Amino acid sequence: MLRDWKSPCENIPVLHTQTVSKRRSTLLEKSNADVRVLVQPFPCCRACLLLVFRHGRHFDDPVRFEEISMKALVYEGPRKVVVKEMPDAKVERPTDVLVKITTTNICGSDLHMYEGRTDMETGRILGHENLGIVVEVGAGVERIKVGDRVCLPFNIGCGFCKNCERGLTGFCLTANPGMAGAAYGFAGMGPYSGGQAEYLRVPFGDFNCLVLPPDAEEKENDYVMLSDIFPTGYHATVLAGVEPGDSVVIYGAGPVGLMAALSASIKGASKVMVVDSHPDRLKLAEKIGAIPVNDSDGSSAEQILEMTGGEGADRGCECVGYQCSCKGHEVPNLTMNNLIKAVRPTGGIGVVGVFVAEDPQAEDKLAKKGQLALDFGQLWMKGQHIATGQANVKAYNRKLRDLIAAGKARPSQIISHELPLDKAAQGYKHFDEREEGWTKVVLKPAA
């Protein structure tokens, strides 16, 4: 927010100051026309114009540029996040785009950092599922325009490295030197701030911004799912090799598992079974058209075998990750070994649940070192194949966008809560505790 701001111009005509005073609380809308209407009456520098456009207000008292700030959700330690004033996001390179965030989601993988299970640094802004309006572009940006509504893949790609050229944008070799892959507001994925804030800097803007169609505002809660969970759920089905007519078992009825169920149906699966132990999430799976499988008693693999005539599902998707649990205790290898049991011989297993290279706080000794006690002998004997890794969002987001635009996919149906940014800490708390009914939380920074 800008507080007590006056134009930085040294030679401001009286007309400028008078106009500012009269329009003090005027909020700008989305279009360039609105900017011209507001600033046309007075001559002003480009910096002043951009501040008016981005923040929507003029104020009367002087302020230094370094005092310009925005509201953002900041990680301050395990289970402690705070909405506070942070330095304003800005264009830093010619290829950058600056986006005013209108919707940003809390993701299940945000909880790994929230719980202190990663090496996330304190003082960083969280949030990698982001959508908003472009308010500024760098001098080197050609395709993206001010006023575009865009959805941003959670993984940041350069567009020109070996992996990006192959469509493997989740493993960009440029954006995070020394590691394959970069993301917004995520531990170990580069220095990039997250989007649970009023503004977000988007590197390589022409490449990373997905421009949305004219119904973007009306279907905003659908399109924001293109930032991560819808493409990630779809990626799980691709890794598993789902084809029309296949039977599919999905472990995890969280947001990604539900999107995997939706994606399996889109790809023509004949039977989709979703395993979880939370009744509210299983109800959502049933709403999507899947068969809910309650694993409260640990019998999910046997239930899947029974539903498939003893053969097992053709394909399986792991959408839980290393914090999977049984009766309140973490069992990191549980879902993987259940999938080996529940998927038929020669079947495919796609793994998009997060598994980490090390987890010092794990109860399991192997998990502390990022290792699992995998039933590899059964896997080998059954001739199954496993594919893993984060989704290359740009490989899928355009086609999934078009399904939403055509009314053939409505991922927003899993949303349980919509909160202003100021209440983000409450959203994290409820979501982290897996309270009943808290299945997917979206934040509205502009609310």
# chains A, B, ... in the order shown; residues from 1 in each chain; ligands from 1
$ residues_around --residues "Pro292 in chain A" --least-positions-apart "6" --cutoff "8 Å" --atoms "only C-alpha atoms" --output "PyMOL selection string"
chain A and resi 273-276+282-283+285-286
$ write_last_selection --atoms "C-alpha atoms" --output "mmCIF file, in the first residue's frame"
data_model
loop_
_atom_site.group_PDB
_atom_site.id
_atom_site.type_symbol
_atom_site.label_atom_id
_atom_site.label_comp_id
_atom_site.auth_asym_id
_atom_site.auth_seq_id
_atom_site.Cartn_x
_atom_site.Cartn_y
_atom_site.Cartn_z
ATOM 1 C CA MET A 273 -11.416 -44.806 -7.507
ATOM 2 C CA VAL A 274 -10.165 -42.259 -4.947
ATOM 3 C CA VAL A 275 -8.679 -43.410 -1.636
ATOM 4 C CA ASP A 276 -8.653 -41.281 1.502
ATOM 5 C CA LEU A 282 -14.359 -38.436 -0.215
ATOM 6 C CA LYS A 283 -17.698 -36.669 -0.712
ATOM 7 C CA ALA A 285 -14.441 -37.191 -4.970
ATOM 8 C CA GLU A 286 -17.909 -38.658 -5.386
#
$ closest_atom_pairs --of "range 192-294 of chain A" --to "range 102-117 of chain A" --cutoff "12 Å" --atoms "only C-alpha atoms" --output "JSON lines"
{"residue": "A:Gly194", "atom": "CA", "partner": "A:Thr104", "partner_atom": "CA", "distance": 9.6}
{"residue": "A:Gly195", "atom": "CA", "partner": "A:Thr104", "partner_atom": "CA", "distance": 6.6}
{"residue": "A:Gln196", "atom": "CA", "partner": "A:Thr104", "partner_atom": "CA", "distance": 5.9}
{"residue": "A:Ala197", "atom": "CA", "partner": "A:Thr104", "partner_atom": "CA", "distance": 8.3}
{"residue": "A:Glu198", "atom": "CA", "partner": "A:Thr102", "partner_atom": "CA", "distance": 7.7}
{"residue": "A:Tyr199", "atom": "CA", "partner": "A:Thr102", "partner_atom": "CA", "distance": 8.9}
{"residue": "A:Leu200", "atom": "CA", "partner": "A:Thr102", "partner_atom": "CA", "distance": 10.6}
{"residue": "A:Ala216", "atom": "CA", "partner": "A:Thr102", "partner_atom": "CA", "distance": 11.3}
{"residue": "A:Glu217", "atom": "CA", "partner": "A:Thr102", "partner_atom": "CA", "distance": 9.6}
{"residue": "A:Lys219", "atom": "CA", "partner": "A:Thr103", "partner_atom": "CA", "distance": 11.3}
{"residue": "A:Glu220", "atom": "CA", "partner": "A:Thr103", "partner_atom": "CA", "distance": 7.6}
{"residue": "A:Asn221", "atom": "CA", "partner": "A:Thr103", "partner_atom": "CA", "distance": 7.6}
{"residue": "A:Asp222", "atom": "CA", "partner": "A:Thr103", "partner_atom": "CA", "distance": 10.5}
{"residue": "A:Tyr223", "atom": "CA", "partner": "A:Thr103", "partner_atom": "CA", "distance": 9.7}
{"residue": "A:Val224", "atom": "CA", "partner": "A:Thr103", "partner_atom": "CA", "distance": 6.9}
{"residue": "A:Met225", "atom": "CA", "partner": "A:Asn105", "partner_atom": "CA", "distance": 8.3}
{"residue": "A:Leu226", "atom": "CA", "partner": "A:Asn105", "partner_atom": "CA", "distance": 11.1}
{"residue": "A:Ser227", "atom": "CA", "partner": "A:Thr104", "partner_atom": "CA", "distance": 9.2}
{"residue": "A:Asp228", "atom": "CA", "partner": "A:Cys107", "partner_atom": "CA", "distance": 8.6}
{"residue": "A:Ile229", "atom": "CA", "partner": "A:Cys107", "partner_atom": "CA", "distance": 8.2}
{"residue": "A:Phe230", "atom": "CA", "partner": "A:Cys107", "partner_atom": "CA", "distance": 11.9}
{"residue": "A:Thr232", "atom": "CA", "partner": "A:Cys107", "partner_atom": "CA", "distance": 11.7}
{"residue": "A:Gly252", "atom": "CA", "partner": "A:Gly108", "partner_atom": "CA", "distance": 11.4}
{"residue": "A:Ala253", "atom": "CA", "partner": "A:Gly108", "partner_atom": "CA", "distance": 11.5}
{"residue": "A:Gly254", "atom": "CA", "partner": "A:Gly108", "partner_atom": "CA", "distance": 7.9}
{"residue": "A:Pro255", "atom": "CA", "partner": "A:Gly108", "partner_atom": "CA", "distance": 7.8}
{"residue": "A:Val256", "atom": "CA", "partner": "A:Gly108", "partner_atom": "CA", "distance": 8.5}
{"residue": "A:Gly257", "atom": "CA", "partner": "A:Gly108", "partner_atom": "CA", "distance": 11.0}
$ write_last_selection --atoms "N, CA and C atoms" --output "PDB file, in the first residue's frame"
ATOM      1  N   GLY A 194       6.827 -15.200  -3.256  1.00  0.00           N
ATOM      2  CA  GLY A 194       5.550 -15.802  -3.591  1.00  0.00           C
ATOM      3  C   GLY A 194       4.480 -14.768  -3.893  1.00  0.00           C
ATOM      4  N   GLY A 195       3.326 -15.264  -4.277  1.00  0.00           N
ATOM      5  CA  GLY A 195       2.242 -14.389  -4.715  1.00  0.00           C
ATOM      6  C   GLY A 195       1.117 -14.219  -3.725  1.00  0.00           C
ATOM      7  N   GLN A 196       1.284 -14.672  -2.484  1.00  0.00           N
ATOM      8  CA  GLN A 196       0.262 -14.399  -1.469  1.00  0.00           C
ATOM      9  C   GLN A 196       0.522 -12.986  -0.958  1.00  0.00           C
ATOM     10  N   ALA A 197       0.292 -12.054  -1.878  1.00  0.00           N
ATOM     11  CA  ALA A 197       0.649 -10.657  -1.702  1.00  0.00           C
ATOM     12  C   ALA A 197      -0.172  -9.826  -2.680  1.00  0.00           C
ATOM     13  N   GLU A 198      -0.006  -8.524  -2.595  1.00  0.00           N
ATOM     14  CA  GLU A 198      -0.752  -7.655  -3.510  1.00  0.00           C
ATOM     15  C   GLU A 198      -0.154  -7.639  -4.914  1.00  0.00           C
ATOM     16  N   TYR A 199       1.174  -7.820  -4.998  1.00  0.00           N
ATOM     17  CA  TYR A 199       1.839  -7.792  -6.303  1.00  0.00           C
ATOM     18  C   TYR A 199       2.881  -8.901  -6.395  1.00  0.00           C
ATOM     19  N   LEU A 200       3.179  -9.301  -7.631  1.00  0.00           N
ATOM     20  CA  LEU A 200       4.151 -10.364  -7.866  1.00  0.00           C
ATOM     21  C   LEU A 200       4.992 -10.036  -9.090  1.00  0.00           C
ATOM     22  N   ALA A 216     -12.410 -14.404 -18.086  1.00  0.00           N
ATOM     23  CA  ALA A 216     -11.446 -14.648 -17.008  1.00  0.00           C
ATOM     24  C   ALA A 216     -11.936 -14.172 -15.648  1.00  0.00           C
ATOM     25  N   GLU A 217     -12.592 -13.032 -15.614  1.00  0.00           N
ATOM     26  CA  GLU A 217     -13.058 -12.516 -14.328  1.00  0.00           C
ATOM     27  C   GLU A 217     -14.212 -13.362 -13.796  1.00  0.00           C
ATOM     28  N   LYS A 219     -14.813 -16.537 -14.393  1.00  0.00           N
ATOM     29  CA  LYS A 219     -14.367 -17.881 -14.019  1.00  0.00           C
ATOM     30  C   LYS A 219     -13.012 -17.859 -13.327  1.00  0.00           C
ATOM     31  N   GLU A 220     -12.734 -16.797 -12.610  1.00  0.00           N
ATOM     32  CA  GLU A 220     -11.410 -16.626 -12.009  1.00  0.00           C
ATOM     33  C   GLU A 220     -11.036 -17.779 -11.088  1.00  0.00           C
ATOM     34  N   ASN A 221     -11.995 -18.268 -10.298  1.00  0.00           N
ATOM     35  CA  ASN A 221     -11.688 -19.367  -9.375  1.00  0.00           C
ATOM     36  C   ASN A 221     -11.419 -20.688 -10.091  1.00  0.00           C
ATOM     37  N   ASP A 222     -11.885 -20.794 -11.316  1.00  0.00           N
ATOM     38  CA  ASP A 222     -11.529 -21.956 -12.133  1.00  0.00           C
ATOM     39  C   ASP A 222     -10.136 -21.790 -12.725  1.00  0.00           C
ATOM     40  N   TYR A 223      -9.905 -20.628 -13.336  1.00  0.00           N
ATOM     41  CA  TYR A 223      -8.632 -20.422 -14.030  1.00  0.00           C
ATOM     42  C   TYR A 223      -7.427 -20.413 -13.096  1.00  0.00           C
ATOM     43  N   VAL A 224      -7.616 -19.980 -11.841  1.00  0.00           N
ATOM     44  CA  VAL A 224      -6.464 -19.955 -10.932  1.00  0.00           C
ATOM     45  C   VAL A 224      -5.935 -21.363 -10.659  1.00  0.00           C
ATOM     46  N   MET A 225      -6.781 -22.372 -10.836  1.00  0.00           N
ATOM     47  CA  MET A 225      -6.327 -23.749 -10.623  1.00  0.00           C
ATOM     48  C   MET A 225      -5.342 -24.202 -11.703  1.00  0.00           C
ATOM     49  N   LEU A 226      -5.215 -23.423 -12.778  1.00  0.00           N
ATOM     50  CA  LEU A 226      -4.235 -23.723 -13.823  1.00  0.00           C
ATOM     51  C   LEU A 226      -2.812 -23.417 -13.377  1.00  0.00           C
ATOM     52  N   SER A 227      -2.662 -22.724 -12.259  1.00  0.00           N
ATOM     53  CA  SER A 227      -1.329 -22.389 -11.770  1.00  0.00           C
ATOM     54  C   SER A 227      -0.594 -23.606 -11.241  1.00  0.00           C
ATOM     55  N   ASP A 228      -1.363 -24.612 -10.763  1.00  0.00           N
ATOM     56  CA  ASP A 228      -0.713 -25.769 -10.155  1.00  0.00           C
ATOM     57  C   ASP A 228      -1.601 -27.004 -10.165  1.00  0.00           C
ATOM     58  N   ILE A 229      -2.651 -27.031  -9.339  1.00  0.00           N
ATOM     59  CA  ILE A 229      -3.277 -28.314  -9.008  1.00  0.00           C
ATOM     60  C   ILE A 229      -3.970 -29.001 -10.182  1.00  0.00           C
ATOM     61  N   PHE A 230      -4.571 -28.248 -11.099  1.00  0.00           N
ATOM     62  CA  PHE A 230      -5.217 -28.895 -12.242  1.00  0.00           C
ATOM     63  C   PHE A 230      -4.152 -29.515 -13.158  1.00  0.00           C
ATOM     64  N   THR A 232      -1.147 -30.351 -12.307  1.00  0.00           N
ATOM     65  CA  THR A 232      -0.449 -31.376 -11.542  1.00  0.00           C
ATOM     66  C   THR A 232      -1.271 -32.662 -11.473  1.00  0.00           C
ATOM     67  N   GLY A 252      -5.204 -40.257  -2.277  1.00  0.00           N
ATOM     68  CA  GLY A 252      -5.233 -38.870  -1.847  1.00  0.00           C
ATOM     69  C   GLY A 252      -6.401 -38.121  -2.447  1.00  0.00           C
ATOM     70  N   ALA A 253      -7.316 -37.654  -1.587  1.00  0.00           N
ATOM     71  CA  ALA A 253      -8.460 -36.861  -2.052  1.00  0.00           C
ATOM     72  C   ALA A 253      -8.301 -35.399  -1.661  1.00  0.00           C
ATOM     73  N   GLY A 254      -7.035 -34.976  -1.566  1.00  0.00           N
ATOM     74  CA  GLY A 254      -6.776 -33.551  -1.423  1.00  0.00           C
ATOM     75  C   GLY A 254      -6.984 -32.873  -2.766  1.00  0.00           C
ATOM     76  N   PRO A 255      -6.692 -31.575  -2.866  1.00  0.00           N
ATOM     77  CA  PRO A 255      -6.919 -30.853  -4.118  1.00  0.00           C
ATOM     78  C   PRO A 255      -6.266 -31.491  -5.341  1.00  0.00           C
ATOM     79  N   VAL A 256      -5.020 -31.946  -5.230  1.00  0.00           N
ATOM     80  CA  VAL A 256      -4.347 -32.552  -6.389  1.00  0.00           C
ATOM     81  C   VAL A 256      -4.981 -33.892  -6.740  1.00  0.00           C
ATOM     82  N   GLY A 257      -5.287 -34.712  -5.735  1.00  0.00           N
ATOM     83  CA  GLY A 257      -5.938 -35.995  -6.004  1.00  0.00           C
ATOM     84  C   GLY A 257      -7.289 -35.819  -6.664  1.00  0.00           C
TER      85      GLY A 257
END
$ closest_residue --among "A:Val352, A:Ala187, A:Arg344, A:Lys399" --to "Met381 in chain A" --atoms "only C-alpha atoms"
A:Arg344
$ residues_around --residues "Ser270 in chain A" --least-positions-apart "6" --cutoff "12 Å" --atoms "only C-alpha atoms" --output "VMD selection string"
chain A and resid 242 to 249 261 264 289 to 291 308 313 to 315
$ closest_residue --among "A:Ile304, A:Cys319, A:Leu210, A:Ala391" --to "Ala260 in chain A" --atoms "only C-alpha atoms"
A:Cys319
$ residues_around --residues "Val354 in chain A" --least-positions-apart "2" --cutoff "7 Å" --atoms "only C-alpha atoms" --output "list in words"
Gly321, Tyr322, Val352 and Val356 of chain A
$ write_last_selection --atoms "C-alpha atoms" --output "PDB file, in the first residue's frame"
ATOM      1  CA  GLY A 321       3.555 -37.482  -0.690  1.00  0.00           C
ATOM      2  CA  TYR A 322       5.965 -38.079   2.145  1.00  0.00           C
ATOM      3  CA  VAL A 352       3.158 -36.264  -8.045  1.00  0.00           C
ATOM      4  CA  VAL A 356      11.932 -34.699  -0.322  1.00  0.00           C
TER       5      VAL A 356
END
$ atom_distance --atom1 "CA of Ile414 in chain A" --atom2 "CA of Leu98 in chain A"
28.8 Å
$ select_by_dssp --residues "range 65-169 of chain A" --states "strand (DSSP E or B)" --output "MDAnalysis selection string"
chainID A and resid 69:75 81:87 97:106 124:125 129:137 149:152 155
$ write_last_selection --atoms "C-alpha atoms" --output "JSON list (two decimals), in the first residue's frame"
[["chain", "number", "residue", "atom", "x", "y", "z"],
["A", 69, "SER", "CA", 5.33, -1.29, 0.27],
["A", 70, "MET", "CA", 2.64, -3.91, -0.21],
["A", 71, "LYS", "CA", 0.78, -6.36, 1.99],
["A", 72, "ALA", "CA", 2.09, -9.91, 1.86],
["A", 73, "LEU", "CA", 1.93, -13.17, 3.80],
["A", 74, "VAL", "CA", 5.34, -13.79, 5.36],
["A", 75, "TYR", "CA", 6.77, -16.99, 6.82],
["A", 81, "VAL", "CA", 2.74, -16.73, 9.11],
["A", 82, "VAL", "CA", 1.90, -13.04, 9.29],
["A", 83, "VAL", "CA", 0.38, -10.55, 6.86],
["A", 84, "LYS", "CA", 2.61, -7.48, 6.97],
["A", 85, "GLU", "CA", 4.00, -4.66, 4.88],
["A", 86, "MET", "CA", 6.86, -5.80, 2.63],
["A", 87, "PRO", "CA", 8.96, -4.05, -0.03],
["A", 97, "VAL", "CA", 6.20, -8.61, -15.84],
["A", 98, "LEU", "CA", 4.52, -7.15, -12.76],
["A", 99, "VAL", "CA", 1.14, -8.60, -11.81],
["A", 100, "LYS", "CA", -1.46, -7.31, -9.39],
["A", 101, "ILE", "CA", -2.63, -10.50, -7.69],
["A", 102, "THR", "CA", -6.40, -10.95, -7.57],
["A", 103, "THR", "CA", -6.53, -14.62, -6.51],
["A", 104, "THR", "CA", -3.88, -16.80, -4.88],
["A", 105, "ASN", "CA", -4.38, -20.23, -3.31],
["A", 106, "ILE", "CA", -3.05, -22.07, -0.28],
["A", 124, "ARG", "CA", 10.03, -14.86, 2.78],
["A", 125, "ILE", "CA", 6.67, -14.42, 1.05],
["A", 129, "GLU", "CA", -0.71, -20.58, -7.14],
["A", 130, "ASN", "CA", -1.29, -17.12, -8.57],
["A", 131, "LEU", "CA", -3.53, -15.19, -10.95],
["A", 132, "GLY", "CA", -3.92, -11.49, -11.59],
["A", 133, "ILE", "CA", -3.78, -8.45, -13.85],
["A", 134, "VAL", "CA", -0.63, -7.19, -15.56],
["A", 135, "VAL", "CA", 0.18, -3.67, -14.37],
["A", 136, "GLU", "CA", 3.68, -3.17, -15.74],
["A", 137, "VAL", "CA", 5.99, -4.85, -18.26],
["A", 149, "ARG", "CA", -5.45, -11.17, -17.04],
["A", 150, "VAL", "CA", -2.92, -13.93, -16.61],
["A", 151, "CYS", "CA", -2.43, -17.17, -14.71],
["A", 152, "LEU", "CA", 1.11, -18.02, -13.66],
["A", 155, "ASN", "CA", 7.28, -23.37, -11.82]]
$ residues_around --residues "range 309-312 of chain A" --least-positions-apart "3" --cutoff "8 Å" --atoms "only C-alpha atoms" --output "ChimeraX atom specification"
/A:304-306,341-345
$ write_last_selection --atoms "N, CA and C atoms" --output "mmCIF file, in the first residue's frame"
data_model
loop_
_atom_site.group_PDB
_atom_site.id
_atom_site.type_symbol
_atom_site.label_atom_id
_atom_site.label_comp_id
_atom_site.auth_asym_id
_atom_site.auth_seq_id
_atom_site.Cartn_x
_atom_site.Cartn_y
_atom_site.Cartn_z
ATOM 1 N N ILE A 304 -9.672 -52.180 -3.582
ATOM 2 C CA ILE A 304 -9.442 -51.927 -5.014
ATOM 3 C C ILE A 304 -9.394 -53.251 -5.773
ATOM 4 N N LEU A 305 -8.714 -54.229 -5.204
ATOM 5 C CA LEU A 305 -8.654 -55.539 -5.850
ATOM 6 C C LEU A 305 -10.049 -56.139 -5.998
ATOM 7 N N GLU A 306 -10.862 -55.976 -4.987
ATOM 8 C CA GLU A 306 -12.228 -56.506 -5.059
ATOM 9 C C GLU A 306 -13.036 -55.795 -6.141
ATOM 10 N N LYS A 341 0.470 -52.807 -4.517
ATOM 11 C CA LYS A 341 -0.503 -53.880 -4.299
ATOM 12 C C LYS A 341 -1.749 -53.707 -5.161
ATOM 13 N N ALA A 342 -2.218 -52.455 -5.274
ATOM 14 C CA ALA A 342 -3.534 -52.207 -5.866
ATOM 15 C C ALA A 342 -3.526 -52.104 -7.385
ATOM 16 N N VAL A 343 -2.356 -51.906 -7.997
ATOM 17 C CA VAL A 343 -2.267 -51.771 -9.462
ATOM 18 C C VAL A 343 -1.895 -53.134 -10.055
ATOM 19 N N ARG A 344 -2.508 -53.451 -11.178
ATOM 20 C CA ARG A 344 -2.331 -54.765 -11.804
ATOM 21 C C ARG A 344 -0.901 -54.958 -12.315
ATOM 22 N N PRO A 345 -0.518 -56.198 -12.568
ATOM 23 C CA PRO A 345 0.777 -56.461 -13.201
ATOM 24 C C PRO A 345 0.886 -55.710 -14.530
#
$ residues_around --residues "Gly140 in chain A" --least-positions-apart "5" --cutoff "10 Å" --atoms "only C-alpha atoms" --output "list in words"
Arg93, Pro94, Thr95, Asp96, Val97, Phe204, Gly205 and Asp206 of chain A
$ write_last_selection --atoms "N, CA and C atoms" --output "PDB file, in the first residue's frame"
ATOM      1  N   ARG A  93      14.164  -6.765 -14.261  1.00  0.00           N
ATOM      2  CA  ARG A  93      14.865  -7.050 -15.503  1.00  0.00           C
ATOM      3  C   ARG A  93      13.958  -6.721 -16.687  1.00  0.00           C
ATOM      4  N   PRO A  94      14.525  -6.500 -17.850  1.00  0.00           N
ATOM      5  CA  PRO A  94      13.699  -6.123 -19.010  1.00  0.00           C
ATOM      6  C   PRO A  94      12.648  -7.164 -19.379  1.00  0.00           C
ATOM      7  N   THR A  95      12.871  -8.427 -19.020  1.00  0.00           N
ATOM      8  CA  THR A  95      11.921  -9.485 -19.380  1.00  0.00           C
ATOM      9  C   THR A  95      10.882  -9.745 -18.296  1.00  0.00           C
ATOM     10  N   ASP A  96      10.894  -8.953 -17.235  1.00  0.00           N
ATOM     11  CA  ASP A  96       9.941  -9.129 -16.132  1.00  0.00           C
ATOM     12  C   ASP A  96       8.569  -8.557 -16.458  1.00  0.00           C
ATOM     13  N   VAL A  97       7.573  -9.145 -15.815  1.00  0.00           N
ATOM     14  CA  VAL A  97       6.204  -8.615 -15.840  1.00  0.00           C
ATOM     15  C   VAL A  97       5.767  -8.443 -14.382  1.00  0.00           C
ATOM     16  N   PHE A 204      10.840 -13.704 -16.873  1.00  0.00           N
ATOM     17  CA  PHE A 204      10.602 -14.258 -18.215  1.00  0.00           C
ATOM     18  C   PHE A 204       9.098 -14.194 -18.535  1.00  0.00           C
ATOM     19  N   GLY A 205       8.561 -12.992 -18.411  1.00  0.00           N
ATOM     20  CA  GLY A 205       7.108 -12.789 -18.464  1.00  0.00           C
ATOM     21  C   GLY A 205       6.437 -13.274 -19.729  1.00  0.00           C
ATOM     22  N   ASP A 206       7.053 -13.044 -20.878  1.00  0.00           N
ATOM     23  CA  ASP A 206       6.449 -13.496 -22.133  1.00  0.00           C
ATOM     24  C   ASP A 206       6.249 -15.000 -22.140  1.00  0.00           C
TER      25      ASP A 206
END
$ atom_distance --atom1 "CA of Gln413 in chain A" --atom2 "CA of Ala395 in chain A"
23.3 Å
$ atom_distance --atom1 "CA of Gly348 in chain A" --atom2 "CA of Arg434 in chain A"
29.6 Å
$ select_by_dssp --residues "range 116-217 of chain A" --states "helix (DSSP H, G or I)" --output "MDAnalysis selection string"
chainID A and resid 162:165 169:171 205:208
$ write_last_selection --atoms "C-alpha atoms" --output "PDB file, in the first residue's frame"
ATOM      1  CA  LYS A 162      17.594 -27.561 -22.864  1.00  0.00           C
ATOM      2  CA  ASN A 163      14.788 -28.680 -20.565  1.00  0.00           C
ATOM      3  CA  CYS A 164      12.418 -25.800 -21.321  1.00  0.00           C
ATOM      4  CA  GLU A 165      12.847 -26.384 -25.051  1.00  0.00           C
ATOM      5  CA  THR A 169       9.612 -26.349 -17.655  1.00  0.00           C
ATOM      6  CA  GLY A 170       9.433 -27.748 -14.125  1.00  0.00           C
ATOM      7  CA  PHE A 171      13.141 -28.486 -14.453  1.00  0.00           C
ATOM      8  CA  GLY A 205       7.108 -12.789 -18.464  1.00  0.00           C
ATOM      9  CA  ASP A 206       6.449 -13.496 -22.133  1.00  0.00           C
ATOM     10  CA  PHE A 207       7.110 -17.178 -21.540  1.00  0.00           C
ATOM     11  CA  ASN A 208       5.503 -17.698 -18.134  1.00  0.00           C
TER      12      ASN A 208
END
$ closest_residue --among "A:Ile68, A:Val293, A:Val91, A:Met259" --to "His278 in chain A" --atoms "only C-alpha atoms"
A:Val293
